[in-house]
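Q: Quick one: structure below, then a few questions.
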Protein chains: 2
Amino acid sequence: MPELRKDPIVGRWVIISTERGKRPTDFARTTKTKEPKLCPFCPSNEASTPPEIYAVRDNDSAPNTPGWSLRVIPNKFPALKIEGDLNREGEGIFDKMNGIGAHEVIIETPDHMKDLVDLELGQIEKVIWAYRERILDLKKDPRFKYILIFKNQGEAAGASLEHAHSQLIATPILPKRVIEELDGSKRYYEYKERCIYCDIIKQELKSKIRVVAYNDMYVAIEPFASRFPFETWILPRYHEANFEYIKGDAISRLADLLKTILKKLSIALNNPPYNMVIHSLPLDSQSQKEYHWHIEIIPKLTKVAGFEWGTGFYINPTIPEDAAKYLIEVET
Amino acid sequence: MPELRKDPIVGRWVIISTERGKRPTDFARTTKTKEPKLCPFCPSNEASTPPEIYAVRDNDSAPNTPGWSLRVIPNKFPALKIEGDLNREGEGIFDKMNGIGAHEVIIETPDHMKDLVDLELGQIEKVIWAYRERILDLKKDPRFKYILIFKNQGEAAGASLEHAHSQLIATPILPKRVIEELDGSKRYYEYKERCIYCDIIKQELKSKIRVVAYNDMYVAIEPFASRFPFETWILPRYHEANFEYIKGDAISRLADLLKTILKKLSIALNNPPYNMVIHSLPLDSQSQKEYHWHIEIIPKLTKVAGFEWGTGFYINPTIPEDAAKYLIEVET
């Protein structure tokens with residue numbers, strides 16, 4: 001019997017359809033071997049990108065030359081532009097705004113052949129540090145309301161360059177789903193005076209049926225109302241609304257769990273394309289008590305989400321508990 | 001300069017990013033020639049589907065034999081099951097429900113080689129009639145709150161069989177996006193005492209910059225805050241919340257405009273895969289005054305919507321006015 005499950009945060013119902021059940025092996029992909037070629041993100045090609053904004057470098061290396069282990073640059077084809085004032089305007093019944101914002105690329109490693117999952121723990125820590133540093137810097141700009149950190153891994157997940165990188169978009173608006181999460185968290189807090197994410201974490205760690213892995217500071221779960229097969233969330237076990245307040249010690253614990261999860265997904269699903277997004281408190285929000293930052297990882301496995309876009313209605317062919325069980329058993 | 005646009009109904013902001021601008025020709029697809037093979041939707045193979053629920057047949061033909069021009073059957077692998085009572089249940093903090101519902105397939109033509117766009121007007125009318133008839137029938141079942149009619153055209157849009165068909169899913173819950181549309185429409189109505197869709201139609205027909213085609217009863221537009229390149233909506237020019245109240249005369253006008261739009265998209269984008277969804281008033285809603293049914297057609301052109309799923313945040317590389325201009329010029 002299929003089951004309908006309600007996302008406790010945003011209130012969305014999802015069909016978990018066992019009828020069309022797919023086992024993890026149904027999704028297996030052929031591994032794509034990377035071919036290094038003329039890549040703008042590779043060392044020595046620094047001149048083919050806009051000048052760097054942030055980098056982790058050898059002491060004696062100059063900006064925009066080799067000698068870096070991580071590099072942040074403006075996106076050459078930005079979805080939003082950094083220069084200008086924010087102007088809101090009407091067009092009859094419609095509302096618009098000029099596209100002010102920041103769009104940056106975090107080059108995660110100089111090594112063209114490595115993906116995020118392949119990096120040493122210390123290098124993954126540098127990536128997380130870079131996220132933090134860039135958010136703290138862009139936060140000072142009063143034009144921005146939200147800073148989105150995300151990663152498209154693999155061509156099928158939207159990556160246009162194969163050299164490992166993440167992206168940052170600072171926007172003068174709030175993404176719809178963040179508003180929904182915030183509204184849902186507030187509603188719950190009003191009723192219970194507790195953070196809904198904290199309550200979910202507590203319940204999941206007790207039942208263990210959807211927990212994939214955890215350490216002393218972070219936990220990775222398959223969410224109860226997963227929209228997609230093997231959708232995985234990583235959450236801090238301590239209450240914190242703002243990702244960018246993460247400390248050095250926590251970063252190394254997060255890097256550790258993130259690597260474990262990416263490795264499990266990579267082994268279980270044969271190096272799948274995926275999208276990773278950090279959800280954090282909007283810059284101008286006062287809901288520190290109600291919200292709880294987290295990372296969402298969505299492997300791109302099903303051929304298409306199809307009409308989901310038109311309806312907000314998801315049919316997930318894989319039971320989250322089955323996905324969790326499968327991932328738990330994968331040795332990393 | 002990129003532009004941010006707000007969907008006036010659900011309040012979602014979309015980035016219209018001219019920087020990464022794609023012209024219609026960038027999306028052109030290779031035409032796939034259909035290969036008829038052992039297809040369960042073809043005449044003479046009626047036994048390989050569940051028994052039909054509805055059909056348009058020659059007078060002397062028996063159910064589940066050839067002689068039909070349109071056929072509705074239960075989905076062999078239903079996402080929801082028709083039998084059983086609705087049970088809601090908690091699981092600690094979580095809510096679930098058993099997966100009661102209907103999942104049907106509307107086989108649009110006996111001809112394996114034809115797509116919806118290729119059908120004669122009379123046959124498209126039969127398809128729309130079948131939608132209407134099935135909704136009116138399933139509406140009697142008090143377990144259902146919404147009936148979703150949609151079509152996945154092409155493998156990349158999620159179609160698993162190439163024989164032309166649409167699908168119907170009756171659900172005991174409301175899809176998230178329908179709730180959002182309803183909430184947005186109500187908010188507007190409270191403020192203006194007018195239907196927001198009627199206002200949009202009026203403005204669009206006046207400015208004509210996003211109208212692709214129209215007749216005396218229907219209009220097709222590229223929405224102001226389009227999420228996807230060539231996203232197209234068809235709306236009745238008269239106010240009506242419920243699709244299923246459509247009358248014979250209106251059906252033939254709708255078939256006419258639908259065929260025009262599908263043909264324009266097919267010629268402009270070289271037979272693209274697409275998703276089509278009918279948005280209609282939920283079965284138990286009293287918002288007849290505020291809501292306005294419509295059809296959303298989303299060609300699947302961009303490689304992936306990627307992180308949109310995780311954020312509700314869309315970047316559309318094609319300006320809707322440009323898409324409209326292009327489609328207007330396509331001769332059908």
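By order of appearance in the structure tokens: chains A, B, ..., then residues from 1 within every chain, and ligands from 1 in the order shown.
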Using only C-alpha atoms, select each residue of chain B with any atom at most 8 Å away from an atom of chain A, and give the selection as number ranges by chain.
A: B: 1-8, 12-13, 15, 17, 19-20, 77-81, 92-100, 150-152, 156-158, 173-178, 199-200, 203, 224, 275-277, 296, 298, 303-307, 310-313, 315
Q: What are the DSSP alpha helix (DSSP H) residues of stretch 45-183 of chain A, as a ChimeraX atom specification?
A: /A:121-138,176-183
Q: Rank A:Cys195, A:Leu70, A:Leu254, A:Leu235 by their smallest atom-to-atom distance to A:Ser166, using only C-alpha atoms, and report the top residue only.
A: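 The closest residue to A:Ser166 is A:Leu70.
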Q: List every residue of stretch 40-120 of chain A that DSSP, applied to the backbone, labels as strand (DSSP E), and write the result as a PyMOL selection string.
A: chain A and resi 54-57+68-74+88-91+94-98+102-107
Q: Output N, CA and C atoms for every residue in that selection, as a PDB file, in the first residue's frame.
A:
ATOM      1  N   TYR A  54      38.645  35.585  -2.877  1.00  0.00           N
ATOM      2  CA  TYR A  54      39.120  34.918  -1.657  1.00  0.00           C
ATOM      3  C   TYR A  54      39.916  33.725  -2.137  1.00  0.00           C
ATOM      4  N   ALA A  55      40.986  33.393  -1.400  1.00  0.00           N
ATOM      5  CA  ALA A  55      41.743  32.193  -1.760  1.00  0.00           C
ATOM      6  C   ALA A  55      42.506  31.691  -0.553  1.00  0.00           C
ATOM      7  N   VAL A  56      42.784  30.408  -0.537  1.00  0.00           N
ATOM      8  CA  VAL A  56      43.699  29.833   0.443  1.00  0.00           C
ATOM      9  C   VAL A  56      44.965  29.525  -0.350  1.00  0.00           C
ATOM     10  N   ARG A  57      46.068  30.197   0.027  1.00  0.00           N
ATOM     11  CA  ARG A  57      47.265  30.184  -0.817  1.00  0.00           C
ATOM     12  C   ARG A  57      48.526  29.876  -0.022  1.00  0.00           C
ATOM     13  N   TRP A  68      47.466  28.103  -5.040  1.00  0.00           N
ATOM     14  CA  TRP A  68      46.278  28.098  -4.182  1.00  0.00           C
ATOM     15  C   TRP A  68      45.790  26.669  -3.962  1.00  0.00           C
ATOM     16  N   SER A  69      45.099  26.488  -2.843  1.00  0.00           N
ATOM     17  CA  SER A  69      44.458  25.189  -2.623  1.00  0.00           C
ATOM     18  C   SER A  69      42.942  25.327  -2.688  1.00  0.00           C
ATOM     19  N   LEU A  70      42.458  26.584  -2.643  1.00  0.00           N
ATOM     20  CA  LEU A  70      41.020  26.862  -2.811  1.00  0.00           C
ATOM     21  C   LEU A  70      40.900  28.289  -3.300  1.00  0.00           C
ATOM     22  N   ARG A  71      39.913  28.533  -4.143  1.00  0.00           N
ATOM     23  CA  ARG A  71      39.807  29.834  -4.784  1.00  0.00           C
ATOM     24  C   ARG A  71      38.333  30.202  -4.960  1.00  0.00           C
ATOM     25  N   VAL A  72      37.985  31.458  -4.634  1.00  0.00           N
ATOM     26  CA  VAL A  72      36.614  31.936  -4.860  1.00  0.00           C
ATOM     27  C   VAL A  72      36.668  33.077  -5.872  1.00  0.00           C
ATOM     28  N   ILE A  73      35.846  32.966  -6.909  1.00  0.00           N
ATOM     29  CA  ILE A  73      35.842  33.970  -7.978  1.00  0.00           C
ATOM     30  C   ILE A  73      34.401  34.377  -8.303  1.00  0.00           C
ATOM     31  N   PRO A  74      34.200  35.555  -8.865  1.00  0.00           N
ATOM     32  CA  PRO A  74      32.848  35.885  -9.337  1.00  0.00           C
ATOM     33  C   PRO A  74      32.483  34.975 -10.513  1.00  0.00           C
ATOM     34  N   ARG A  88      12.813  48.761  -6.855  1.00  0.00           N
ATOM     35  CA  ARG A  88      11.576  48.005  -7.020  1.00  0.00           C
ATOM     36  C   ARG A  88      10.649  48.814  -7.908  1.00  0.00           C
ATOM     37  N   GLU A  89       9.846  48.123  -8.690  1.00  0.00           N
ATOM     38  CA  GLU A  89       9.037  48.811  -9.669  1.00  0.00           C
ATOM     39  C   GLU A  89       7.784  47.990  -9.965  1.00  0.00           C
ATOM     40  N   GLY A  90       6.713  48.664 -10.329  1.00  0.00           N
ATOM     41  CA  GLY A  90       5.516  47.948 -10.721  1.00  0.00           C
ATOM     42  C   GLY A  90       5.390  47.926 -12.228  1.00  0.00           C
ATOM     43  N   GLU A  91       4.639  46.948 -12.736  1.00  0.00           N
ATOM     44  CA  GLU A  91       4.300  46.948 -14.160  1.00  0.00           C
ATOM     45  C   GLU A  91       2.834  46.557 -14.186  1.00  0.00           C
ATOM     46  N   PHE A  94       1.893  43.727 -11.879  1.00  0.00           N
ATOM     47  CA  PHE A  94       3.097  42.943 -11.568  1.00  0.00           C
ATOM     48  C   PHE A  94       4.152  43.738 -10.804  1.00  0.00           C
ATOM     49  N   ASP A  95       5.028  43.013 -10.097  1.00  0.00           N
ATOM     50  CA  ASP A  95       6.140  43.628  -9.359  1.00  0.00           C
ATOM     51  C   ASP A  95       7.453  43.101  -9.879  1.00  0.00           C
ATOM     52  N   LYS A  96       8.427  44.017 -10.001  1.00  0.00           N
ATOM     53  CA  LYS A  96       9.747  43.566 -10.389  1.00  0.00           C
ATOM     54  C   LYS A  96      10.827  44.381  -9.686  1.00  0.00           C
ATOM     55  N   MET A  97      12.062  43.978  -9.892  1.00  0.00           N
ATOM     56  CA  MET A  97      13.196  44.545  -9.171  1.00  0.00           C
ATOM     57  C   MET A  97      14.377  44.320 -10.095  1.00  0.00           C
ATOM     58  N   ASN A  98      15.357  45.230 -10.063  1.00  0.00           N
ATOM     59  CA  ASN A  98      16.511  44.913 -10.895  1.00  0.00           C
ATOM     60  C   ASN A  98      17.363  43.832 -10.225  1.00  0.00           C
ATOM     61  N   ALA A 102      24.967  38.881  -5.739  1.00  0.00           N
ATOM     62  CA  ALA A 102      26.311  38.368  -5.990  1.00  0.00           C
ATOM     63  C   ALA A 102      26.191  36.934  -6.463  1.00  0.00           C
ATOM     64  N   HIS A 103      27.078  36.548  -7.360  1.00  0.00           N
ATOM     65  CA  HIS A 103      27.085  35.171  -7.841  1.00  0.00           C
ATOM     66  C   HIS A 103      28.545  34.741  -7.922  1.00  0.00           C
ATOM     67  N   GLU A 104      28.970  33.893  -7.010  1.00  0.00           N
ATOM     68  CA  GLU A 104      30.374  33.504  -6.907  1.00  0.00           C
ATOM     69  C   GLU A 104      30.550  32.003  -7.084  1.00  0.00           C
ATOM     70  N   VAL A 105      31.760  31.633  -7.419  1.00  0.00           N
ATOM     71  CA  VAL A 105      32.090  30.219  -7.590  1.00  0.00           C
ATOM     72  C   VAL A 105      33.202  29.853  -6.607  1.00  0.00           C
ATOM     73  N   ILE A 106      33.006  28.799  -5.853  1.00  0.00           N
ATOM     74  CA  ILE A 106      34.028  28.309  -4.939  1.00  0.00           C
ATOM     75  C   ILE A 106      34.712  27.115  -5.608  1.00  0.00           C
ATOM     76  N   ILE A 107      35.960  27.298  -6.050  1.00  0.00           N
ATOM     77  CA  ILE A 107      36.698  26.192  -6.668  1.00  0.00           C
ATOM     78  C   ILE A 107      37.290  25.376  -5.525  1.00  0.00           C
TER      79      ILE A 107
END
Q: Can you list, as a count of residues only, every protein, DNA or RNA residue that comes within 7 Å of A:Pro320 when you count only C-alpha atoms, leaving out same-chain residues fewer than 2 positions away?
A: 10
Q: With a distance cut-off of 7 Å and only C-alpha atoms, select the neighbouring residues of B:Thr332, excluding the residue or stretch itself and same-chain residues fewer than 5 positions from it, and output the selection as a CSV table (one decimal) with N, CA and C atoms, in the first residue's frame.
A:
chain,number,residue,atom,x,y,z
B,260,THR,N,-3.2,24.9,-31.3
B,260,THR,CA,-2.3,26.0,-31.8
B,260,THR,C,-1.1,26.1,-31.0
B,263,LYS,N,1.3,23.2,-31.3
B,263,LYS,CA,1.9,23.2,-32.6
B,263,LYS,C,3.0,24.3,-32.6
B,264,LYS,N,2.7,25.4,-32.1
B,264,LYS,CA,3.8,26.5,-32.0
B,264,LYS,C,5.0,26.0,-31.3
